[in-house]
Amino acid sequence: MIASRRSLLLGLSASFIAAPALAQGNLLDQGRNLLGGGTAGSGSPGAGANNLSPQQADSGLREALRVASQRTVTQLGKPGGYLNDPQVRIPLPSYLESARNLLAKAGMAGELDDLQTRMNRAAETAAPKALDIFGKAIASMTVTDARGIVSGPQDAATQYFKRTTTQPLSQAFRPIIDQSLSQAGATQSFNKVSKMVSDTGGGGLNSSLGGFAGNSGMMGMGMPQNFNFTDYALEKALDGLFKYIGKEEAAIRSNPAARTTDLLKQVFGR
C-alpha cells in the first residue's frame with residue numbers, strides 16, 4: 001500500500017508542476033482522489049500528465065532540476081556572469097559604499113571599483129564547482145523531497161537546493177574565493193581601504209582629506225566588528241546562485257520555451 005501511494009505521488013508530480021496557471025485546489029483534490037483509490041475524470045486539470053509512469057514523472061522532475069542548475073552555472077560561471085548582471089552583481093560592503101564619495105576625494109575610487117570587480121570575478125571562478133554539488137543533491141532526492149517540491153510553493157525546488165547544498169557549496173567556494181581575492185591583491189586593498197574608514201570615527205580618512213570630512217560626519221562608517229571579506233563575498237556569491245536557480249525554476253514551471261529537452265516537453269507539456 002505504501003509503495004502504491006509513493007508511485008501515485010510520483011505520477012502526480014508532472015501535474016503539479018506542469019500547470020501553474022490552473023487552480024492549485026483542483027490539482028490537490030485530484031491527488032487526494034488518486035491516493036484514496038479513486039480516479040480523476042478525463043476532463044480534470046492535468047489529466048494528460050497522469051498518463052505518465054511514475055518512472056517518467058520522477059525522471060522529469062530530476063531533469064527539471066538538472067536543467068535549472070546547468071543553466072545557472074553556465075550563466076554565472078562565465079566572465080561577467082556576476083559582474084555584468086545587475087541582479088546578482090556583488091556590491092561593496094555597505095560601509096565602504098557609504099564612504100565612496102569621501103574615498104574618491106582621497107583618490108581611492110579606483111581601488112573601490114577594483115575591489116568590486118575582484119569579488120565578482122572570484123564568484124565567477126567558483127561557480128562551476130556548483131554543478132557537481134547540485135547533481136549530487138538531485139541524485140539523493142527522496143520521495144518526501146519530491147512531494148515537497150511538487151506540492152510546495154513556486155520556489156520549492158530552489159528551497160530544496162538551499163537546504164541540501166548551501167553547506168557543501170560554501171566549503172567548495174570558500175578556498176577559491178579566498179585564493180582569488182588574495183592572489184589579485186584584493187584582500188590587501190580591502191584592508192587598506194577599511195583602515196581608512198576605521199571604526200574610530202573615520203579619523204584616518206579625515207586626516208587624508210585635510211579635515212574636510214570632519215569626525216562627526218564619519219561616525220558609523222567603520223567596518224563592522226568581526227567582518228570577514230571572504231565570508232562577505234561568499235555569502236553574496238551564493239545569494240546570486242540561488243537567485244538564478246529560482247529564475248530557472250520559474251521558467252520551467254510556466255514557460256514552454258524553457259523546456260528545452262524532449263523529456264521536459266513530455267512531462268511538463270499541457
# chains A, B, ... in the order shown; residues from 1 in each chain; ligands from 1
call {"tool": "residues_around", "arguments": {"residues": "Leu169 in chain A", "least_positions_apart": "6", "cutoff": "8 Å", "atoms": "only C-alpha atoms", "output": "PyMOL selection string"}}
result
chain A and resi 129-130+133+238
call {"tool": "write_last_selection", "arguments": {"atoms": "C-alpha atoms", "output": "tab-separated table (two decimals), in the first residue's frame"}}
result
chain	number	residue	atom	x	y	z
A	129	LYS	CA	32.03	23.92	-8.74
A	130	ALA	CA	28.31	24.11	-8.06
A	133	ILE	CA	27.15	19.57	-5.94
A	238	LEU	CA	25.62	32.03	-3.06
call {"tool": "residues_around", "arguments": {"residues": "Ala186 in chain A", "least_positions_apart": "5", "cutoff": "12 Å", "atoms": "only C-alpha atoms", "output": "list of chain:residue names"}}
result
A:Glu111, A:Leu112, A:Asp113, A:Asp114, A:Leu115, A:Gln116, A:Thr117, A:Arg118, A:Met119, A:Asn120, A:Arg121, A:Ala122, A:Ile177, A:Asp178, A:Gln179, A:Ser180, A:Leu181, A:Asn191, A:Lys192, A:Val193, A:Ser194, A:Phe229, A:Thr230, A:Ala233
call {"tool": "select_by_dssp", "arguments": {"residues": "range 60-231 of chain A", "states": "helix (DSSP H, G or I)", "output": "PyMOL selection string"}}
result
chain A and resi 60-76+94-98+100-105+109-139+143-151+156-183+186-196+203-208+215-218+229-231
call {"tool": "write_last_selection", "arguments": {"atoms": "C-alpha atoms", "output": "tab-separated table (two decimals), in the first residue's frame"}}
result
chain	number	residue	atom	x	y	z
A	60	GLY	CA	11.05	14.56	-15.40
A	61	LEU	CA	11.36	16.21	-12.00
A	62	ARG	CA	15.05	15.36	-11.80
A	63	GLU	CA	15.55	16.57	-15.36
A	64	ALA	CA	13.95	19.91	-14.47
A	65	LEU	CA	16.35	20.34	-11.56
A	66	ARG	CA	19.31	19.29	-13.68
A	67	VAL	CA	18.46	21.76	-16.45
A	68	ALA	CA	17.87	24.60	-13.98
A	69	SER	CA	21.20	24.02	-12.26
A	70	GLN	CA	23.12	23.62	-15.51
A	71	ARG	CA	21.72	26.85	-16.96
A	72	THR	CA	22.51	28.69	-13.74
A	73	VAL	CA	26.12	27.52	-13.58
A	74	THR	CA	26.65	28.23	-17.27
A	75	GLN	CA	25.31	31.76	-16.87
A	76	LEU	CA	27.18	32.70	-13.70
A	94	SER	CA	27.66	48.86	2.71
A	95	TYR	CA	30.06	50.80	4.94
A	96	LEU	CA	32.50	51.21	2.04
A	97	GLU	CA	29.74	52.17	-0.37
A	98	SER	CA	28.54	54.77	2.12
A	100	ARG	CA	32.54	56.14	-1.58
A	101	ASN	CA	32.33	59.90	-2.19
A	102	LEU	CA	34.80	60.66	0.58
A	103	LEU	CA	37.13	57.86	-0.51
A	104	ALA	CA	37.03	59.22	-4.05
A	105	LYS	CA	38.21	62.58	-2.72
A	109	ALA	CA	37.75	55.43	-6.20
A	110	GLY	CA	39.80	53.15	-8.43
A	111	GLU	CA	40.57	50.81	-5.55
A	112	LEU	CA	36.89	50.56	-4.69
A	113	ASP	CA	35.98	49.68	-8.27
A	114	ASP	CA	38.78	47.12	-8.39
A	115	LEU	CA	37.59	45.55	-5.15
A	116	GLN	CA	34.10	45.08	-6.51
A	117	THR	CA	35.42	43.64	-9.76
A	118	ARG	CA	37.68	41.19	-7.94
A	119	MET	CA	34.85	39.94	-5.73
A	120	ASN	CA	32.66	39.25	-8.74
A	121	ARG	CA	35.48	37.61	-10.70
A	122	ALA	CA	36.15	35.33	-7.72
A	123	ALA	CA	32.48	34.29	-7.66
A	124	GLU	CA	32.56	33.58	-11.40
A	125	THR	CA	35.63	31.39	-10.91
A	126	ALA	CA	33.96	29.41	-8.14
A	127	ALA	CA	30.55	28.95	-9.82
A	128	PRO	CA	31.41	25.86	-11.95
A	129	LYS	CA	32.03	23.92	-8.74
A	130	ALA	CA	28.31	24.11	-8.06
A	131	LEU	CA	27.29	21.79	-10.90
A	132	ASP	CA	28.59	18.59	-9.33
A	133	ILE	CA	27.15	19.57	-5.94
A	134	PHE	CA	23.72	20.22	-7.43
A	135	GLY	CA	23.97	16.89	-9.27
A	136	LYS	CA	24.54	15.03	-6.01
A	137	ALA	CA	21.55	16.77	-4.43
A	138	ILE	CA	19.37	15.71	-7.36
A	139	ALA	CA	20.60	12.11	-7.20
A	143	VAL	CA	10.12	10.66	-2.32
A	144	THR	CA	9.47	13.07	0.56
A	145	ASP	CA	11.66	15.68	-1.14
A	146	ALA	CA	9.78	15.20	-4.41
A	147	ARG	CA	6.44	15.58	-2.66
A	148	GLY	CA	7.60	18.83	-1.09
A	149	ILE	CA	8.71	20.17	-4.45
A	150	VAL	CA	5.61	19.28	-6.46
A	151	SER	CA	3.08	20.34	-3.81
A	156	ALA	CA	10.09	24.77	-3.71
A	157	ALA	CA	12.91	23.32	-5.83
A	158	THR	CA	15.09	26.33	-5.10
A	159	GLN	CA	14.43	25.93	-1.38
A	160	TYR	CA	15.35	22.25	-1.66
A	161	PHE	CA	18.67	23.21	-3.22
A	162	LYS	CA	19.29	25.78	-0.49
A	163	ARG	CA	18.69	23.21	2.24
A	164	THR	CA	20.82	20.50	0.70
A	165	THR	CA	23.67	22.36	-0.98
A	166	THR	CA	24.44	25.53	1.00
A	167	GLN	CA	26.98	23.81	3.24
A	168	PRO	CA	28.88	21.88	0.51
A	169	LEU	CA	28.76	24.93	-1.77
A	170	SER	CA	30.27	27.08	0.97
A	171	GLN	CA	33.03	24.53	1.52
A	172	ALA	CA	33.78	24.35	-2.21
A	173	PHE	CA	33.56	28.08	-2.90
A	174	ARG	CA	35.46	29.41	0.11
A	175	PRO	CA	39.03	28.40	-0.83
A	176	ILE	CA	38.52	29.51	-4.45
A	177	ILE	CA	37.17	32.92	-3.47
A	178	ASP	CA	39.79	33.37	-0.76
A	179	GLN	CA	42.64	32.44	-3.10
A	180	SER	CA	41.29	34.57	-5.95
A	181	LEU	CA	40.99	37.62	-3.72
A	182	SER	CA	44.40	37.12	-2.16
A	183	GLN	CA	46.25	36.49	-5.41
A	186	ALA	CA	42.07	42.45	-3.38
A	187	THR	CA	42.38	41.41	0.25
A	188	GLN	CA	45.28	43.78	0.77
A	189	SER	CA	43.38	46.61	-0.94
A	190	PHE	CA	40.33	45.87	1.17
A	191	ASN	CA	42.33	46.03	4.37
A	192	LYS	CA	43.90	49.31	3.27
A	193	VAL	CA	40.59	50.95	2.44
A	194	SER	CA	38.92	49.60	5.57
A	195	LYS	CA	41.70	51.01	7.69
A	196	MET	CA	41.00	54.42	6.19
A	203	GLY	CA	39.92	59.66	11.64
A	204	GLY	CA	42.33	58.12	9.12
A	205	LEU	CA	40.24	59.19	6.16
A	206	ASN	CA	39.54	62.58	7.68
A	207	SER	CA	43.27	63.13	8.07
A	208	SER	CA	43.88	62.21	4.42
A	215	ASN	CA	34.91	63.35	12.51
A	216	SER	CA	31.22	63.86	13.25
A	217	GLY	CA	30.41	63.26	9.58
A	218	MET	CA	32.33	59.99	9.51
A	229	PHE	CA	35.96	39.91	3.41
A	230	THR	CA	35.90	36.32	2.12
A	231	ASP	CA	32.76	35.48	4.11
call {"tool": "closest_residue", "arguments": {"among": "A:Asp85, A:Thr142, A:Asp155, A:Gly80", "to": "Glu248 in chain A", "atoms": "only C-alpha atoms"}}
result
A:Asp155
call {"tool": "atom_distance", "arguments": {"atom1": "CA of Ile245 in chain A", "atom2": "CA of Ala184 in chain A"}}
result
28.7 Å
call {"tool": "atom_distance", "arguments": {"atom1": "CA of Asn226 in chain A", "atom2": "CA of Arg89 in chain A"}}
result
23.6 Å
call {"tool": "atom_distance", "arguments": {"atom1": "CA of Pro79 in chain A", "atom2": "CA of Pro93 in chain A"}}
result
21.9 Å
